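Asker: Input protein.cif, format and content: mmCIF, C-alpha atoms.
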```cif
data_data
loop_
_atom_site.label_atom_id
_atom_site.label_comp_id
_atom_site.auth_asym_id
_atom_site.auth_seq_id
_atom_site.Cartn_x
_atom_site.Cartn_y
_atom_site.Cartn_z
CA MET A 1 -5.57 -13.88 15.82
CA ARG A 2 -4.14 -10.56 14.68
CA ASP A 3 -6.10 -7.31 14.64
CA ALA A 4 -6.35 -5.11 11.56
CA ALA A 5 -3.73 -2.37 11.54
CA ILE A 6 -6.20 0.26 10.28
CA ALA A 7 -9.86 0.37 11.24
CA ARG A 8 -12.00 0.11 8.13
CA PRO A 9 -14.92 2.50 7.58
CA ALA A 10 -18.19 0.96 8.74
CA THR A 11 -20.21 -1.01 6.21
CA ALA A 12 -23.91 -0.42 6.60
CA ALA A 13 -26.02 -3.50 7.11
CA GLY A 14 -29.42 -3.94 5.53
CA ALA A 15 -31.26 -5.19 2.50
CA VAL A 16 -29.68 -5.00 -0.93
CA ARG A 17 -31.19 -2.04 -2.76
CA ALA A 18 -31.64 -1.09 -6.38
CA ALA A 19 -29.13 1.37 -7.81
CA ALA A 20 -28.15 2.63 -11.24
CA PRO A 21 -24.88 1.62 -12.91
CA TYR A 22 -22.12 4.18 -13.34
CA PRO A 23 -22.95 7.38 -15.24
CA ALA A 24 -21.94 7.56 -18.89
CA ASP A 25 -18.73 9.53 -18.33
CA VAL A 26 -17.33 6.94 -15.90
CA VAL A 27 -18.32 4.11 -18.24
CA ARG A 28 -16.56 5.85 -21.12
CA ARG A 29 -13.35 6.17 -19.11
CA LEU A 30 -13.46 2.53 -18.12
CA ASP A 31 -14.33 1.38 -21.64
CA ALA A 32 -11.44 3.41 -23.08
CA LEU A 33 -9.01 1.96 -20.56
CA VAL A 34 -10.11 -1.61 -21.33
CA ALA A 35 -9.96 -0.97 -25.07
CA LYS A 36 -6.34 0.17 -24.98
CA PHE A 37 -5.14 -2.66 -22.73
CA PRO A 38 -2.92 -4.92 -24.88
CA GLY A 39 -4.28 -8.16 -23.45
CA ARG A 40 -7.70 -9.35 -22.38
CA ALA A 41 -9.51 -8.34 -19.22
CA GLY A 42 -12.58 -9.26 -17.23
CA VAL A 43 -13.92 -6.59 -14.90
CA TRP A 44 -16.61 -6.53 -12.20
CA ILE A 45 -17.27 -3.35 -10.19
CA SER A 46 -20.15 -3.07 -7.75
CA ASP A 47 -21.58 -1.45 -4.66
CA PRO A 48 -22.15 -4.50 -2.42
CA MET A 49 -25.45 -3.04 -1.24
CA SER A 50 -26.78 -2.67 -4.79
CA ALA A 51 -28.70 -5.28 -6.77
CA VAL A 52 -26.93 -4.43 -10.04
CA PRO A 53 -23.21 -3.93 -10.79
CA LEU A 54 -21.80 -0.51 -11.49
CA TYR A 55 -19.71 -1.73 -14.44
CA THR A 56 -18.80 -5.03 -16.07
CA HIS A 57 -16.67 -6.18 -18.97
CA ASP A 58 -16.37 -9.84 -19.97
CA SER A 59 -17.34 -10.70 -16.41
CA GLY A 60 -18.47 -14.23 -17.28
CA ALA A 61 -15.13 -15.29 -18.75
CA ASN A 62 -13.66 -18.46 -17.21
CA VAL A 63 -10.09 -17.52 -16.37
CA SER A 64 -7.27 -19.21 -14.47
CA THR A 65 -7.68 -18.30 -10.83
CA ALA A 66 -3.93 -17.99 -10.23
CA SER A 67 -3.81 -17.27 -6.48
CA LEU A 68 -7.46 -16.22 -6.25
CA TYR A 69 -8.27 -19.85 -5.38
CA LYS A 70 -6.77 -19.02 -1.99
CA LEU A 71 -9.93 -17.04 -1.21
CA GLY A 72 -11.87 -20.30 -1.29
CA VAL A 73 -9.31 -21.91 0.99
CA LEU A 74 -9.61 -18.96 3.38
CA MET A 75 -13.39 -19.25 3.47
CA GLU A 76 -13.26 -22.99 4.16
CA ALA A 77 -10.77 -22.47 6.98
CA GLU A 78 -12.97 -19.81 8.56
CA ARG A 79 -16.03 -22.03 8.18
CA ARG A 80 -14.25 -24.74 10.15
CA VAL A 81 -13.05 -22.28 12.79
CA ASP A 82 -16.58 -20.92 13.13
CA SER A 83 -18.02 -24.42 13.58
CA GLY A 84 -15.35 -25.42 16.10
CA GLN A 85 -13.74 -28.02 13.84
CA LEU A 86 -10.46 -26.08 13.82
CA ARG A 87 -8.67 -23.61 16.06
CA TYR A 88 -6.18 -20.95 14.96
CA SER A 89 -3.55 -22.65 17.13
CA ASP A 90 -3.92 -26.02 15.35
CA PRO A 91 -0.72 -27.18 13.58
CA ILE A 92 -0.50 -27.24 9.79
CA THR A 93 2.47 -29.16 8.34
CA ILE A 94 3.77 -28.32 4.87
CA GLY A 95 4.46 -31.55 3.01
CA PRO A 96 6.69 -32.29 -0.01
CA ALA A 97 3.70 -32.05 -2.39
CA ASP A 98 2.98 -28.53 -1.11
CA VAL A 99 6.30 -27.06 -2.25
CA THR A 100 6.13 -26.84 -6.03
CA ASP A 101 8.03 -25.00 -8.75
CA GLU A 102 5.93 -21.92 -7.93
CA GLY A 103 7.92 -21.64 -4.68
CA SER A 104 7.33 -21.16 -0.98
CA ALA A 105 9.09 -19.51 1.93
CA TYR A 106 8.86 -22.82 3.80
CA GLU A 107 10.68 -26.12 3.49
CA PRO A 108 8.77 -29.42 3.53
CA GLY A 109 8.24 -30.50 7.10
CA THR A 110 7.70 -26.96 8.40
CA THR A 111 4.82 -26.74 10.86
CA LEU A 112 2.82 -23.52 11.24
CA SER A 113 -0.24 -22.66 13.27
CA LEU A 114 -3.42 -22.37 11.21
CA ASP A 115 -3.39 -18.63 11.89
CA ASP A 116 0.16 -18.25 10.59
CA ALA A 117 -0.55 -20.45 7.56
CA LEU A 118 -3.57 -18.32 6.64
CA GLU A 119 -1.58 -15.14 7.17
CA ALA A 120 1.22 -16.34 4.87
CA MET A 121 -1.27 -17.57 2.26
CA ILE A 122 -3.14 -14.26 2.09
CA THR A 123 -0.74 -11.45 2.93
CA VAL A 124 2.31 -12.68 0.98
CA SER A 125 0.51 -15.30 -1.15
CA ASP A 126 2.73 -18.14 0.00
CA ASN A 127 2.03 -21.21 -2.12
CA GLY A 128 3.35 -23.82 0.32
CA ALA A 129 1.00 -22.68 3.08
CA ALA A 130 -1.90 -22.49 0.62
CA LEU A 131 -1.34 -25.96 -0.83
CA ALA A 132 -0.99 -27.50 2.63
CA LEU A 133 -4.46 -26.19 3.45
CA TRP A 134 -5.82 -27.08 0.00
CA HIS A 135 -4.69 -30.67 0.41
CA LEU A 136 -5.94 -30.82 4.01
CA PHE A 137 -9.45 -29.61 3.14
CA GLY A 138 -9.75 -31.17 -0.32
CA ALA A 139 -10.73 -29.47 -3.56
CA SER A 140 -14.21 -31.02 -3.67
CA THR A 141 -14.99 -29.88 -0.12
CA ILE A 142 -13.86 -26.32 -0.84
CA GLU A 143 -15.89 -26.27 -4.06
CA ALA A 144 -18.99 -27.61 -2.26
CA SER A 145 -18.69 -24.95 0.46
CA LEU A 146 -18.51 -22.21 -2.15
CA VAL A 147 -21.58 -23.59 -3.92
CA ARG A 148 -23.53 -23.71 -0.65
CA ALA A 149 -22.51 -20.13 0.04
CA GLY A 150 -24.09 -19.05 -3.27
CA MET A 151 -21.02 -18.96 -5.54
CA PRO A 152 -21.32 -21.97 -7.88
CA GLY A 153 -19.00 -20.41 -10.46
CA PHE A 154 -16.24 -19.36 -8.11
CA LEU A 155 -14.17 -22.54 -8.37
CA THR A 156 -14.32 -24.77 -11.46
CA PHE A 157 -11.73 -26.95 -13.16
CA ASP A 158 -10.48 -27.37 -16.71
CA GLY A 159 -9.58 -30.72 -18.31
CA ASP A 160 -6.13 -30.64 -16.74
CA GLY A 161 -7.45 -29.95 -13.24
CA ASN A 162 -6.42 -26.28 -13.23
CA THR A 163 -8.64 -23.96 -11.20
CA LEU A 164 -10.83 -21.42 -12.99
CA THR A 165 -13.12 -18.62 -11.89
CA THR A 166 -14.99 -15.65 -13.35
CA PRO A 167 -14.85 -11.96 -12.43
CA HIS A 168 -18.56 -12.14 -11.62
CA ALA A 169 -18.19 -15.07 -9.20
CA THR A 170 -15.20 -13.45 -7.53
CA GLY A 171 -17.23 -10.27 -7.23
CA MET A 172 -19.95 -12.25 -5.47
CA PHE A 173 -17.38 -13.50 -2.95
CA PHE A 174 -16.42 -9.94 -2.04
CA GLU A 175 -20.00 -8.68 -2.04
CA LEU A 176 -20.97 -11.32 0.51
CA LEU A 177 -17.84 -10.49 2.49
CA ALA A 178 -18.57 -6.74 2.45
CA ARG A 179 -22.11 -7.41 3.68
CA LYS A 180 -20.65 -9.71 6.36
CA GLU A 181 -22.67 -12.62 5.01
CA LEU A 182 -19.75 -14.93 4.18
CA VAL A 183 -19.82 -17.80 6.70
CA SER A 184 -20.92 -15.44 9.50
CA ALA A 185 -20.54 -11.82 10.54
CA SER A 186 -17.62 -12.65 12.83
CA ALA A 187 -15.91 -14.84 10.22
CA SER A 188 -16.40 -12.10 7.63
CA ASP A 189 -14.75 -9.60 9.97
CA ARG A 190 -11.78 -11.92 10.45
CA MET A 191 -11.40 -12.45 6.70
CA LEU A 192 -11.66 -8.73 6.00
CA ALA A 193 -8.99 -7.95 8.59
CA ARG A 194 -6.61 -10.49 7.07
CA LEU A 195 -7.20 -9.33 3.50
CA GLU A 196 -6.56 -5.74 4.60
CA ARG A 197 -3.07 -6.81 5.65
CA GLN A 198 -2.20 -7.74 2.07
CA THR A 199 1.40 -6.71 1.34
CA LEU A 200 1.24 -7.04 -2.47
CA ASN A 201 -0.12 -3.59 -3.19
CA ASP A 202 1.13 -2.74 -6.69
CA ARG A 203 -2.34 -3.02 -8.28
CA LEU A 204 -5.71 -1.89 -6.89
CA PRO A 205 -4.24 0.25 -4.05
CA ALA A 206 -1.32 1.67 -6.04
CA GLN A 207 -2.91 4.97 -7.12
CA LEU A 208 -5.20 5.47 -4.13
CA PRO A 209 -4.70 7.93 -1.25
CA LYS A 210 -2.23 6.48 1.22
CA GLN A 211 -4.64 5.69 4.07
CA THR A 212 -7.29 4.04 1.88
CA VAL A 213 -8.30 0.66 3.29
CA VAL A 214 -8.32 -2.11 0.68
CA ALA A 215 -9.15 -5.75 1.50
CA HIS A 216 -7.89 -7.68 -1.51
CA LYS A 217 -6.11 -10.67 -3.01
CA THR A 218 -3.78 -10.74 -5.99
CA GLY A 219 -3.05 -13.52 -8.47
CA ASN A 220 -0.05 -14.11 -10.77
CA LEU A 221 0.84 -16.74 -13.34
CA ALA A 222 2.64 -16.57 -16.67
CA GLY A 223 0.54 -14.20 -18.77
CA VAL A 224 -2.10 -13.92 -16.03
CA LEU A 225 -2.35 -11.13 -13.46
CA HIS A 226 -5.32 -10.29 -11.22
CA ASP A 227 -6.41 -8.25 -8.26
CA ALA A 228 -9.78 -8.47 -6.54
CA GLY A 229 -11.20 -6.99 -3.38
CA ILE A 230 -13.03 -4.20 -1.61
CA ILE A 231 -11.94 -0.57 -1.76
CA PHE A 232 -13.35 1.41 1.17
CA THR A 233 -14.04 4.71 -0.59
CA PRO A 234 -15.53 7.97 0.75
CA GLY A 235 -18.81 6.90 -0.84
CA GLY A 236 -18.81 3.45 0.75
CA PRO A 237 -17.28 0.06 -0.07
CA ARG A 238 -16.77 -0.82 -3.72
CA VAL A 239 -16.07 -4.35 -4.91
CA VAL A 240 -13.50 -4.33 -7.72
CA VAL A 241 -12.36 -7.42 -9.60
CA VAL A 242 -9.91 -7.11 -12.48
CA MET A 243 -8.64 -10.30 -14.10
CA THR A 244 -6.18 -10.06 -17.00
CA TRP A 245 -4.74 -12.64 -19.37
CA ASP A 246 -2.78 -12.76 -22.63
CA GLY A 247 -1.12 -9.47 -21.76
CA PHE A 248 1.06 -9.41 -18.67
CA ASP A 249 2.95 -6.24 -19.67
CA GLY A 250 1.24 -3.20 -18.22
CA ALA A 251 -1.37 -5.23 -16.34
CA SER A 252 -0.46 -3.88 -12.89
CA ALA A 253 -0.75 -0.27 -14.08
CA PHE A 254 -4.02 -1.10 -15.86
CA ILE A 255 -5.52 -2.53 -12.67
CA ALA A 256 -4.24 0.43 -10.64
CA GLU A 257 -5.93 2.86 -13.05
CA ILE A 258 -9.23 1.06 -12.65
CA GLY A 259 -8.88 1.32 -8.87
CA ALA A 260 -8.24 5.07 -9.21
CA ILE A 261 -11.32 5.57 -11.40
CA VAL A 262 -13.50 3.67 -8.93
CA TYR A 263 -12.22 5.72 -6.01
CA ALA A 264 -12.63 9.02 -7.86
CA ALA A 265 -16.16 8.15 -9.00
CA SER A 266 -17.16 7.38 -5.42
CA ALA A 267 -15.47 10.49 -4.05
CA GLY A 268 -17.08 12.69 -6.70
CA THR A 269 -13.75 13.82 -8.13
CA HIS A 270 -12.04 13.39 -11.48
CA SER A 271 -9.76 10.38 -11.85
CA PRO A 272 -6.11 10.95 -12.77
#
```
Translate this structure into structure tokens?
Answerer:
Amino acid sequence: MRDAAIARPATAAGAVRAAAPYPADVVRRLDALVAKFPGRAGVWISDPMSAVPLYTHDSGANVSTASLYKLGVLMEAERRVDSGQLRYSDPITIGPADVTDEGSAYEPGTTLSLDDALEAMITVSDNGAALALWHLFGASTIEASLVRAGMPGFLTFDGDGNTLTTPHATGMFFELLARKELVSASASDRMLARLERQTLNDRLPAQLPKQTVVAHKTGNLAGVLHDAGIIFTPGGPRVVVVMTWDGFDGASAFIAEIGAIVYAASAGTHSP
């Protein structure tokens, strides 16, 4: 198992507390940004130790997960590692059904360790590695694990079997993760470390100071572009989920601007 390249700031443990949403000036900046975005967007921003979100917009919308479904796969893998059902050295073979039109770096028949399959699935969003694990675990099992963990809306399906989620449910995933309550404290640490090694950094981290630690997962499909995760700001961790649809053009910059506003609000500075 790999170690995180950069040590994240400590996340305080303890009971969830009450806190006020963002002040009016931050809400106005976020509202203005959402209003000028040419597509549609669902947003969830929170302090994981607060009982109420800092900001939301259309956070209950059911949207195509794109690659955010891989978070559920990651959690199920870590649940099995934690229980002793799997080891990181166990072989995972990518089958013909795992290599679709969406592409993969691996040919059918390639065998990876579980650790390497998870690394490819998260840090470069490889679809072949993800689907091999999805098919191994089973959609119903992954969904049931998410429900038991307190996220009944994280993984649902439309009439064609496509995976859907909401910004709110995805926010809950990262809130539990930030509080180290997802599977277990040790499993949460392992998931955080892997998500911090994300290499697709053109969204939430793009406008942040260079050494800012961000544990996140992106998602892309035609007309759909997301980023969701935890930004470790000077004021503490902030969960930020931005899901966009019907407006691919400019979506990366839009998500990056939201990340910058969140960071600036936590740091007590003015956003760019």
Asker: Applying 9 Å and all atoms listed in the file, which residues near Leu182 in chain A remain after dropping the ones on its own chain fewer than 6 positions away? List them as a list of chain:residue names.
Answerer: A:Met75, A:Arg79, A:Ala149, A:Phe173, A:Phe174, A:Glu175, A:Leu176, A:Ser188
Asker: Using all atoms listed in the file, find the one residue out of A:Ala169, A:Ala66, A:Ala187, A:Val239 that sits nearest to Ser83 in chain A.
Answerer: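 The answer is A:Ala187, which sits nearest to Ser83 in chain A.
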Asker: Record the distance separating CA of Phe248 in chain A and CA of Pro38 in chain A, expressed in Å with one decimal.
Answerer: 8.6 Å
Asker: Quick one: residues within 12 Å of Glu102 in chain A, only C-alpha atoms counted, chain neighbours fewer than 4 positions away excluded, as a tab-separated table (two decimals) with C-alpha atoms, keeping the file's coordinate frame?
Answerer:
```
chain	number	residue	atom	x	y	z
A	66	ALA	CA	-3.93	-17.99	-10.23
A	67	SER	CA	-3.81	-17.27	-6.48
A	97	ALA	CA	3.70	-32.05	-2.39
A	98	ASP	CA	2.98	-28.53	-1.11
A	125	SER	CA	0.51	-15.30	-1.15
A	126	ASP	CA	2.73	-18.14	0.00
A	127	ASN	CA	2.03	-21.21	-2.12
A	128	GLY	CA	3.35	-23.82	0.32
A	130	ALA	CA	-1.90	-22.49	0.62
A	131	LEU	CA	-1.34	-25.96	-0.83
A	220	ASN	CA	-0.05	-14.11	-10.77
A	221	LEU	CA	0.84	-16.74	-13.34
A	222	ALA	CA	2.64	-16.57	-16.67
```
Asker: Decode the PyMOL selection byres ((chain A and resi 41-43) around 6) for the given file into explicit residues and return them as an NGL selection string.
Answerer: :A and (40 or 44 or 56-59 or 167 or 241-244)
Asker: Quick one: distance from CA of Asp47 in chain A to CA of Pro237 in chain A in Å, one decimal?
Answerer: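 Here the two named atoms are 6.5 Å from each other.
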Asker: Taking into account all atoms listed in the file, which residue in the set A:Pro48, A:Gly268, A:Gly236, A:Pro53 is nearest to Ala20 in chain A?
Answerer: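 Closest candidate: A:Pro53.
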